[in-house]
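Comments concern the structure below.
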Amino acid sequence: MKKPLGAVVTALVLAGAGAAPAVAAPAPAPTIKAVTFAGTVSLSNCSGSVIRFPSSADSDPALVLTNGHCLETGFPAAGEVITGQSSSRTFGLLNSAGSKVATLRANQVVYSTMTDTDVTIYRLTTTYSAIKSSYGISPLTLQDTHPAAGTAITVASGYWKRTYACDIDGFVYRLQEGDWTWKDSVRYTSACQTIGGTSGSPVIDNATGKVVAVNNTGNEDGERCTENNPCEVDASGNVTVRQGINYAEETYQIPACFTTGNKLNLGASGCVLPKP
């Protein structure tokens with residue numbers, strides 16, 4: 001997992017390098033707006049973003065998306081699903097330039113797991129409309145369809161205030177790291193050399209501006225299926241190790257598990273997230 005302390009020296013050097021440019025849409029598509037930091041957040045140990053679903057209302061309580069392994073109470077165990085846990089965690093809200101403009105606070109861990117995926121979703125004490133009114137910042141929208149290979153993406157880290165631009169190289173049947181296994185993970189092309197502290201960063205489709213995945217891990221040392229060294233396992237059980245390649249977990253399946261008022265409903269039709 002992309003923890004912050006494992007690469008502090010390298011990250012500090014890289015952090016000063018500035019943001020990588022977003023990939024432009026090919027002609028004759030209309031010009032797209034460059035991906036910025038607006039709506040991303042910094043956590044004490046990770047990155048994240050204020051997110052909404054296609055059906056969310058401006059008056060709904062705002063949500064923050066990050067990784068399961070970024071949960072303040074520690075990594076959820078394999079097979080563990082946490083819902084409705086009290087939280088008072090704070091998040092630094094960033095504007096388009098990456099400057100902190102506010103401190104947001106959670107009142108609940110709505111959902112957290114490291115089983116099949118690697119996500120934590122927090123509920124904030126404020127609404128989307130209040131954030132927009134006070135700071136001029138809108139949430140990022142989660143795409144509710146499966147991403148496509150070859151998509152140009154940007155990983156936007158609020159922790160380091162740095163972006164990484166590359167493409168979706170493909171999808172991994174099973175990604176195994178230590179005790180945890182994730183399904184249908186996103187594999188980046190080699191240009192996205194994410195580092196410790198980028199965990200939980202939104203993976204943004206450059207063409208639509210929507211979130212298609214959440215950044216979570218990479219194989220650092222070439223080891224096989226160990227912590228910080230995930231391995232790819234295909235449907236036949238064959239294992240592939242790709243040192244230096246990084247990964248994310250898809251988020252398209254999340255919106256189906258939330259109903260009116262941004263309320264979690266794991267029993268909703270089409271919801272496939274793991275249940276407690």
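Following the order of the structure tokens, first chain is A, next is B, and so on, with residues numbered from 1 inside each chain and ligands from 1 in the order they appear.
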Assign secondary structure with DSSP using the backbone only, and return the residues of stretch 85-276 of chain A in strand (DSSP E or B) as a ChimeraX atom specification. /A:85-86,90-94,100-113,116,119-127,140-142,152-157,162-177,180-188,202-205,211-218,226,229,231-233,239-240,246-250,258-259,263-264
Write the selection just made, keeping C-alpha atoms, as a compact mmCIF listing (two decimals), in the first residue's frame?
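Full text of part.txt as output:
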```
# COMPACT_ATOMS: atom_id res chain seq x y z
CA GLN A 85 -18.36 3.99 12.66
CA SER A 86 -18.10 7.34 14.44
CA THR A 90 -10.31 16.24 9.52
CA PHE A 91 -9.40 16.88 5.89
CA GLY A 92 -7.64 19.79 4.23
CA LEU A 93 -9.74 20.97 1.28
CA LEU A 94 -7.65 22.12 -1.68
CA LYS A 100 -5.58 24.54 1.43
CA VAL A 101 -8.71 26.69 1.73
CA ALA A 102 -10.59 24.94 4.55
CA THR A 103 -10.60 22.18 7.11
CA LEU A 104 -13.49 19.75 6.70
CA ARG A 105 -14.56 17.32 9.42
CA ALA A 106 -16.18 13.89 9.29
CA ASN A 107 -18.80 12.60 11.67
CA GLN A 108 -18.93 9.04 10.36
CA VAL A 109 -17.06 6.33 8.51
CA VAL A 110 -19.91 5.36 6.22
CA TYR A 111 -18.08 2.40 4.66
CA SER A 112 -14.58 0.94 4.84
CA THR A 113 -13.05 -2.30 3.62
CA ASP A 116 -12.37 -7.00 -3.00
CA VAL A 119 -11.98 2.12 0.00
CA THR A 120 -13.10 4.27 2.91
CA ILE A 121 -15.98 6.71 2.52
CA TYR A 122 -16.47 9.40 5.17
CA ARG A 123 -19.55 11.53 5.74
CA LEU A 124 -18.81 15.17 6.47
CA THR A 125 -20.57 17.60 8.79
CA THR A 126 -21.36 19.90 5.86
CA THR A 127 -23.14 19.73 2.51
CA LEU A 140 -15.74 15.28 -8.02
CA THR A 141 -18.34 12.94 -9.53
CA LEU A 142 -17.86 9.18 -9.49
CA ALA A 152 -5.87 8.94 -20.28
CA ILE A 153 -5.97 9.57 -16.53
CA THR A 154 -4.55 11.81 -13.83
CA VAL A 155 -3.86 10.72 -10.26
CA ALA A 156 -4.24 13.83 -8.09
CA SER A 157 -2.58 13.59 -4.67
CA ARG A 162 1.29 16.52 -7.03
CA THR A 163 -0.34 14.93 -10.05
CA TYR A 164 0.68 11.90 -12.11
CA ALA A 165 -0.45 11.53 -15.73
CA CYS A 166 -0.59 8.21 -17.59
CA ASP A 167 -3.08 5.77 -19.16
CA ILE A 168 -5.05 2.79 -17.91
CA ASP A 169 -2.87 -0.08 -19.12
CA GLY A 170 -5.43 -2.77 -18.34
CA PHE A 171 -7.27 -4.62 -15.59
CA VAL A 172 -6.11 -7.27 -13.13
CA TYR A 173 -8.37 -10.24 -12.38
CA ARG A 174 -7.05 -10.45 -8.82
CA LEU A 175 -4.45 -8.24 -7.17
CA GLN A 176 -2.97 -9.85 -4.06
CA GLU A 177 -0.97 -8.04 -1.40
CA TRP A 180 -5.65 -8.80 1.05
CA THR A 181 -7.08 -9.56 -2.39
CA TRP A 182 -8.70 -6.99 -4.69
CA LYS A 183 -10.84 -7.72 -7.75
CA ASP A 184 -10.65 -6.19 -11.22
CA SER A 185 -7.98 -3.65 -10.28
CA VAL A 186 -6.71 -0.91 -12.58
CA ARG A 187 -3.11 -1.22 -13.77
CA TYR A 188 -1.39 2.02 -14.79
CA PRO A 202 -8.77 10.09 -7.05
CA VAL A 203 -7.97 8.65 -10.47
CA ILE A 204 -9.59 11.09 -12.87
CA ASP A 205 -10.57 10.49 -16.50
CA VAL A 211 -13.39 9.71 -10.88
CA VAL A 212 -12.94 6.18 -12.25
CA ALA A 213 -10.77 4.66 -9.51
CA VAL A 214 -8.93 5.31 -6.25
CA ASN A 215 -5.13 4.98 -6.20
CA ASN A 216 -3.91 2.37 -3.72
CA THR A 217 -0.70 0.43 -4.27
CA GLY A 218 2.32 -0.56 -6.34
CA THR A 226 3.92 -9.28 -0.03
CA ASN A 229 4.65 -5.71 -3.43
CA CYS A 231 1.18 -9.48 -7.50
CA GLU A 232 -1.28 -10.10 -10.31
CA VAL A 233 -3.20 -13.38 -10.30
CA VAL A 239 1.03 -15.10 -10.85
CA THR A 240 2.77 -12.13 -12.47
CA ASN A 246 1.23 0.89 -9.72
CA TYR A 247 -2.47 0.18 -9.30
CA ALA A 248 -5.87 1.55 -8.34
CA GLU A 249 -9.27 0.14 -7.38
CA GLU A 250 -12.31 0.86 -9.53
CA PHE A 258 -26.08 4.68 -2.06
CA THR A 259 -29.65 5.97 -2.11
CA LYS A 263 -27.33 7.02 2.50
CA LEU A 264 -25.56 3.67 2.30
```
Can you tell me, as a PyMOL selection string, what residues are no more than 9 Å from A:Ile51 when counting only C-alpha atoms, ignoring any on the same chain fewer than 2 positions away? chain A and resi 39-40+49+53+62-65+138-142+211
Residues flagged helix (DSSP H, G or I) by DSSP in stretch 87-243 of chain A, as JSON, numbers by chain: {"A": [128, 129, 130, 131, 132, 133, 134, 135]}
What's around A:Lys275 at 12 Å? Count only C-alpha atoms, leave out sequence neighbours fewer than 6 positions away in its own chain, and write the answer as a tab-separated table (two decimals) with C-alpha atoms, in the first residue's frame.
```tsv
chain	number	residue	atom	x	y	z
A	79	GLY	CA	-12.93	-10.06	5.12
A	80	GLU	CA	-13.80	-7.14	7.40
A	81	VAL	CA	-16.34	-4.49	6.41
A	82	ILE	CA	-16.89	-1.42	8.63
A	83	THR	CA	-20.06	0.68	8.41
A	111	TYR	CA	-18.08	2.40	4.66
A	112	SER	CA	-14.58	0.94	4.84
A	113	THR	CA	-13.05	-2.30	3.62
A	114	MET	CA	-9.93	-3.83	2.13
A	115	THR	CA	-11.82	-6.84	0.79
A	116	ASP	CA	-12.37	-7.00	-3.00
A	117	THR	CA	-11.57	-3.27	-3.08
A	257	CYS	CA	-24.91	1.18	-3.01
A	264	LEU	CA	-25.56	3.67	2.30
A	265	ASN	CA	-27.79	0.74	1.33
A	266	LEU	CA	-25.77	-2.42	0.77
A	267	GLY	CA	-29.01	-4.25	-0.02
A	268	ALA	CA	-29.87	-1.98	-2.93
```
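Of note, atom CA of A:Thr194 and atom CA of A:Glu72 are spaced 21.4 Å apart.
Checking A:Pro147, A:Asn45, A:Asp234, A:Ile131 one by one against A:Lys210, counting only C-alpha atoms, you find the shortest gap at A:Pro147.
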